[in-house]
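Report on the structure given below.
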Amino acid sequence: MAEGGGNLESFTVTLLNIQHLRGHKGDSVQVTVKIEFGDKILGESGQIDCSSETTSEINYSAQMMVASGDSLALDDLVSRPIICTVVEVLPKEKKQKEEKTAILGQCAVDIIPVLNGESQGKQRMQIIPSAGSPLDSFHSDHPKPELEVQLTLGDSIIKELTAEETNIVSITMESLFSPPESWNMSSGLNYVAATPLPITGEKDNIVVFTGGQVKPGYDKEIPNKQLKWAIPGTAQGAAVYIGDRKIASDPVEDQSGDLKAPDEQEFRRIVEHEKLHVTWNLERRCFLDSSSVQSFKERIAKSRYLPVEVFRTILPAAGKPKAKDDDAINFHGIAFIDVSPLLYPGVKRIRGAFKVTAFGEHELFKKTERHFGIAEEAVIIANGIMMRNTSPISKLSMKKDDLKSLAKLEKKQASSMKPVNEVGSEIESVQQVNVEGMHYVEAKSYLMIEIELHRPLIRKKDAAELVIRVSELVPPRSLFPKKTNSAQKAVCDFHNQVGIIANLLLDEFRHQVNNSHCSYQTNSPEEQRQKLLFDLNVSGKFLAFKEQLKFSVVKIVREKYLNTSNFQDNNQLQAFLSELYVYLIDEMHVGLGKILAIEDQKPVPCPLTDSVQLKHFAREAEVNGNFDLAAKFYQERIARDRNDPDHWLDYGTFCIYVNDLTKAEECFRECLSIDQCHLHGLLMNGIICSMLGRNESAETFFQAATTYWCQSILSWTIFGLFYLGIGNDIGAEMALAEANRLNIAAAIVDMLPSVTLTTETPALIEDGNINDEVLTNQSIRGLKADESKLDFGSQKSERSKKLGKGEAGEKNEGIEDGKVVRPSSREQIKRSSKHKTSLSPGLKKSGKMKDLLARATITEEPSVALPVHDPPVIPSQTIYMQAIEFLLDVRATSFTERALAQQLTTAHGGQSTKYHISLARLKIQKNCLDEAEAHVKNAMQADHQCPDAWALMGHVKYLTGDIQEAKSCYERTLAFVADASEMHSIYLRLASIYLQEGQFQSARDTFLMACRCSPSCVSWLGVGIACYRLCDLTDAEDALTEANILDNMDPEVWAYLCLICLQTGRQLEAEQSYKYALKLNLQDMELLAEINQLQQDLGFGNPQY
């Protein structure tokens, strides 16, 4: 914002009425009210008759013009009060020519409540009596004298002061505690604090706090915590206080700054209550325009410290010429205020104790990169405030001597300014010892200061409403048939099988008796039994009956005896078989009398998880380090559909991650065996061959990729990176040049909003790919590369040449969001190449399209001269950054390193925020966490509002075991309005930290966010655990049921279901859940012990009892 710019708007102060006044001569009094702003008198009302019992109308208005675009004028408006002085007009005495007046009191009107909309412009202010005023004689029960004032601001002023891009910062200078021992309560000294602030955005302006007073400890004198105006103007007495504004009383734990350890807190308590301290209790408000706000944020992100200089000078004597020693600076100290918390989303205020050290230019430059201190300039401004109560910003009200002094200081500093490296080396070589300043260090002095913003520098995202009950988030689905497997049911099934086999044996016996009636009558029962056994063995029915009974016996072993593994000791096996035999014989006799029919088994329902969910589960398992589970999910995807090349591609990528390159190569080859034109399959085969050192095979795959997908930026870029790796500079130059050409072509298409696609055209333009005849009515062939430029010589096969002339110009599928967009057959490719797009009439008639295409050199016509006035087309993203995203996802580290190195060499690349984030991701994949942290910090310095940078910092801290720092980074990531690119792992890790710390409500809410974003077994399990610990068993069971549906092989889910069933008294379900938890090898011994203890307390749940 330009200083002094904008339209002139009126600022009106209207005095409405006054009441409860008393004069020197009695209850009736005649007064006038004078309105002042700074050193300006805006106006004075006429004489008004008032009394102590009535309300008198004034209805007087005074006006001042303010430039809405003048940041200094707006800063004056928010930093000063409007002073209304009530003056009594005394009646004339005999022989008196002029009327005498006496000041009854003052009131200071603040503009901030008007901006906040609290008073709608009207404020009823209490009149503060002046010294000797009769208003002090009112009884305590009598109403206080009041003045009603209305402030009216121009619309543009209010709009500027309340705009989202601007801000108002309030700096409260409270007290300096534990000052040097030599300080005492002697008069004639002025204690000053000053700090630079970018009020105009162009340069720093000095904010000065003067008039500090040495006070005794709190035990000897009760402190006055009411805040005063830093620039009170003509206010006197108690009128210098700002309404009901008082110093905050924050717990030390909630404060920023230093001295927060337990022993340091005790030190603070002692010095605050027993020792002297210097008190200001001043609040200075500063208006920051949009450029100043941006400058303030950048300065915090770069150096994070705001310097506050503290010193002592001699108080200038009024009416006397200024002596040489009046501007002498004594006890020059400095405190570095860490204002970096203000960059946290939603933070508006910091307050704390900050250590004061000896001032030194070397330390100042090291922490803030400032070349000089501000003490000399602050002394001049402080003297001006003490003498005239003028603004420290406006130079118009300063005397000539002060203006000359300031000009000399600015000229001196400007002439001695040097480059940063020269200044740093000079400061290091010549350092003056600040002897007086060292007294602050010896005394452990600290400064209490508060900084508050009208609105946060970075807006915080509104938290989405969480659903009250978990069941509302569970998607509706048909119910599973209820199947209960328990020890009791296993025995019951055994009884049923015994009864069925007994009936079958009886039927077989009756059949034999009927066929040979005479022989059975003459034989003995033993002979009949042997005859029956012989017939059963010969016919094979005995083995059939044995197999039929075998399954029920196995169920008894599993459900009743909980044995699911082999015996290692033969003696244990024999003992178990003996016990089992006795038990089965007893149960066989029980079941012989029962004859029951077995219902048909209901069909197994179709799986509820699709391929996308399984991939999500696998990626989640990778993040959690559970590679066996991730492999299981990838293999399950392949088992469901072996003919999908993407399934093999994803599994191969995972194999690269676990360093199983042989299996990865098999997967990629399987991918190509299904679809030989699969872009990512061709690229990954080339990458894996390059990693295994088979460069000839790798080159073949990359050539095929660039032949089949000649319009793919990704294929050409990776081909060029491969050539760089093997030292083929010419091939690399050609491939990367083609990739850049396609990238520029894609940027040109993005610049043409009038190009529309027909409804039947399937992705004619993707990732810079443009089909033939995509632009009609212009005789322009569709962005097809000249074969002479793309021919790599004899290395191309005959098939590659054929594809390069024919299908290569037609096959233009690209990559969209990391997925291959491809036709299902070659016929679809041919059909898609025949579709057209249409141009608006305006573009058809203009030559803009032709000029743009000529600048990209993508036409088959002779080169067209480039218009001189047209700027070059700059793609939004370099070819390397597009390749880096893909290479990071497939864990091709060597190719990623080459792409990052090339990114630094590009004209529009460099060390951007995205570059540092990508490099940090690469270092995390290589488990170089210290280097990853350094790159994340660089990304934060470039863009402190980047959620991806904070998310990566959280991951680094989480992997290094710094849980608290990881938690802080994750919370900060969630506080941003924009989400990080990958939120699921952030939710899971942050929620797991909450679970570890026992913050179950926060864990539940965070896991629910993960469920809303991308539900999985782990996220629902987390919700279930948190709800269970909160004793919300209904929601816990719903969440765990959902987790079980998504993955019924998680032992921890079964374990918590067992706990819930035990708590709710469901014995059969508790036994079943406990059985599956053991069967799936539950590793959490503490959880298993908790289940066993609860089983013992309740007396059920373990069938072994």
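By order in the structure tokens, chains are A, B, ...; within a chain, residues start at 1; ligands start at 1, following the order shown.
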Against segment 959-972 of chain A, which residues of segment 987-1045 of chain A fall within 12 Å? For each one I want the closest pair of atoms and the distance in Å (one decimal), counting only C-alpha atoms, rows by chain and increasing residue number, as JSON lines.
{"residue": "A:Tyr987", "atom": "CA", "partner": "A:Tyr970", "partner_atom": "CA", "distance": 8.1}
{"residue": "A:Leu988", "atom": "CA", "partner": "A:Tyr970", "partner_atom": "CA", "distance": 10.2}
{"residue": "A:Arg989", "atom": "CA", "partner": "A:Tyr970", "partner_atom": "CA", "distance": 8.4}
{"residue": "A:Leu990", "atom": "CA", "partner": "A:Lys967", "partner_atom": "CA", "distance": 6.0}
{"residue": "A:Ala991", "atom": "CA", "partner": "A:Lys967", "partner_atom": "CA", "distance": 9.1}
{"residue": "A:Ser992", "atom": "CA", "partner": "A:Lys967", "partner_atom": "CA", "distance": 9.9}
{"residue": "A:Ile993", "atom": "CA", "partner": "A:Lys967", "partner_atom": "CA", "distance": 7.0}
{"residue": "A:Tyr994", "atom": "CA", "partner": "A:Lys967", "partner_atom": "CA", "distance": 8.5}
{"residue": "A:Leu995", "atom": "CA", "partner": "A:Lys967", "partner_atom": "CA", "distance": 11.8}
{"residue": "A:Gln996", "atom": "CA", "partner": "A:Ile963", "partner_atom": "CA", "distance": 10.0}
{"residue": "A:Glu997", "atom": "CA", "partner": "A:Gln964", "partner_atom": "CA", "distance": 10.1}
{"residue": "A:Ser1002", "atom": "CA", "partner": "A:Glu971", "partner_atom": "CA", "distance": 11.1}
{"residue": "A:Ala1003", "atom": "CA", "partner": "A:Lys967", "partner_atom": "CA", "distance": 11.9}
{"residue": "A:Thr1006", "atom": "CA", "partner": "A:Glu971", "partner_atom": "CA", "distance": 10.2}
Excluding Gly720 of chain A and residues on its chain fewer than 2 positions from it, collect all residues at most 8 Å away from it, counting only C-alpha atoms, and give them as a short mmCIF file (atom, residue, chain, number, x, y, z; two decimals) with C-alpha atoms, in the first residue's frame.
data_model
loop_
_atom_site.label_atom_id
_atom_site.label_comp_id
_atom_site.auth_asym_id
_atom_site.auth_seq_id
_atom_site.Cartn_x
_atom_site.Cartn_y
_atom_site.Cartn_z
CA TRP A 716 10.39 -39.27 -22.66
CA THR A 717 11.62 -37.81 -19.37
CA ILE A 718 12.45 -41.19 -17.84
CA PHE A 722 18.15 -43.38 -18.23
CA TYR A 723 20.50 -42.04 -20.90
CA LEU A 724 22.00 -39.65 -18.35
CA GLY A 731 20.40 -39.54 -26.43
CA ALA A 732 19.58 -37.77 -23.15
CA GLU A 733 19.53 -34.39 -24.84
CA MET A 734 17.17 -35.59 -27.55
CA ALA A 735 14.76 -37.36 -25.20
CA LEU A 736 14.60 -34.47 -22.72
#
query: Closest to Lys40 of chain A among A:Leu562, A:Ile83, A:Ile874, A:Ala1070, using only C-alpha atoms?
result: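 Of the candidates, the smallest distance to Lys40 of chain A is held by A:Ile83.
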query: Suppose you want the space between atom CA of Pro113 of chain A and atom CA of Asn167 of chain A; what is it in Å?
result: 15.1 Å
message: Give me, as a PyMOL selection string, all polymer residues having an atom no more than 9 Å from Tyr561 of chain A, counting only C-alpha atoms and skipping those fewer than 4 positions away in the same chain.
response: chain A and resi 487+556-557+1103-1104
Please produce a file of those selected residues containing C-alpha atoms, as a PDB file, in the first residue's frame.
ATOM      1  CA  ALA A 487     -17.033 -75.532  22.327  1.00  0.00           C
ATOM      2  CA  ILE A 556     -13.854 -80.441  19.181  1.00  0.00           C
ATOM      3  CA  VAL A 557     -10.066 -80.370  19.243  1.00  0.00           C
ATOM      4  CA  PRO A1103     -13.453 -72.882  27.161  1.00  0.00           C
ATOM      5  CA  GLN A1104     -10.349 -74.386  28.778  1.00  0.00           C
TER       6      GLN A1104
END
Filtered DSSP result for segment 151-318 of chain A, state strand (DSSP E or B), as a PyMOL selection string: chain A and resi 151-153+167-177+189-197+205-215+226-229+241-246+256-257+277-288+305-314
- request: Check the smallest atom-to-atom distance from each of A:Val207, A:Lys914, A:Ser175, A:Ile748 to Ala942 of chain A using only C-alpha atoms, then report the winner.
  value: A:Lys914
field: Interatomic distance (Å, one decimal) between atom CA of Gln236 of chain A and atom CA of Asn116 of chain A
entry: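 Atom-to-atom, atom CA of Gln236 of chain A and atom CA of Asn116 of chain A are spaced 26.7 Å apart.
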- request: Using DSSP on the backbone, list every residue of segment 1008-1062 of chain A that comes out as helix (DSSP H, G or I), and give them as an MDAnalysis selection string.
  value: chainID A and resid 1008:1013 1017:1029 1033:1046 1051:1062
- request: Skip segment 581-594 of chain A itself and residues of its chain fewer than 2 positions away, then list as a VMD selection string all residues within 10 Å of it, counting only C-alpha atoms.
  value: chain A and resid 491 to 503 553 556 575 to 579 596 to 597
task: Pick out the residues sitting within 7 Å of Ile128 of chain A, and hand them over as a PyMOL selection string; count only C-alpha atoms, and ignore anything fewer than 2 positions along from it in its own chain.
output: chain A and resi 105-107+126+130+238-239
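The shell of residues at most 7 Å from Trp280 of chain A, with only C-alpha atoms counted and near chain neighbours (fewer than 4 positions) removed, consists of Met173, Glu174, Ser175, Gly211, Gly212 and Gln213 of chain A.
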message: List the spatial neighbours of segment 1046-1050 of chain A as a list in words - criterion: any atom at most 9 Å away, only C-alpha atoms, same-chain residues fewer than 6 positions off excluded.
response: Leu608, Thr609, Gln613, Pro1015, Ser1016, Cys1017, Tyr1076, Ala1077, Leu1080 and Leu1082 of chain A
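Using only C-alpha atoms, the shortest contact distance between Cys1058 of chain A and any of A:Phe209, A:Trp1020, A:Phe1100, A:Trp183 is found at A:Phe1100.
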- prompt: Which is closer to Ala358 of chain A than all the others in A:Ala443, A:Ile385, A:Met691, A:Val749, using only C-alpha atoms?
  reply: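 The answer is A:Ala443, which sits nearest to Ala358 of chain A.
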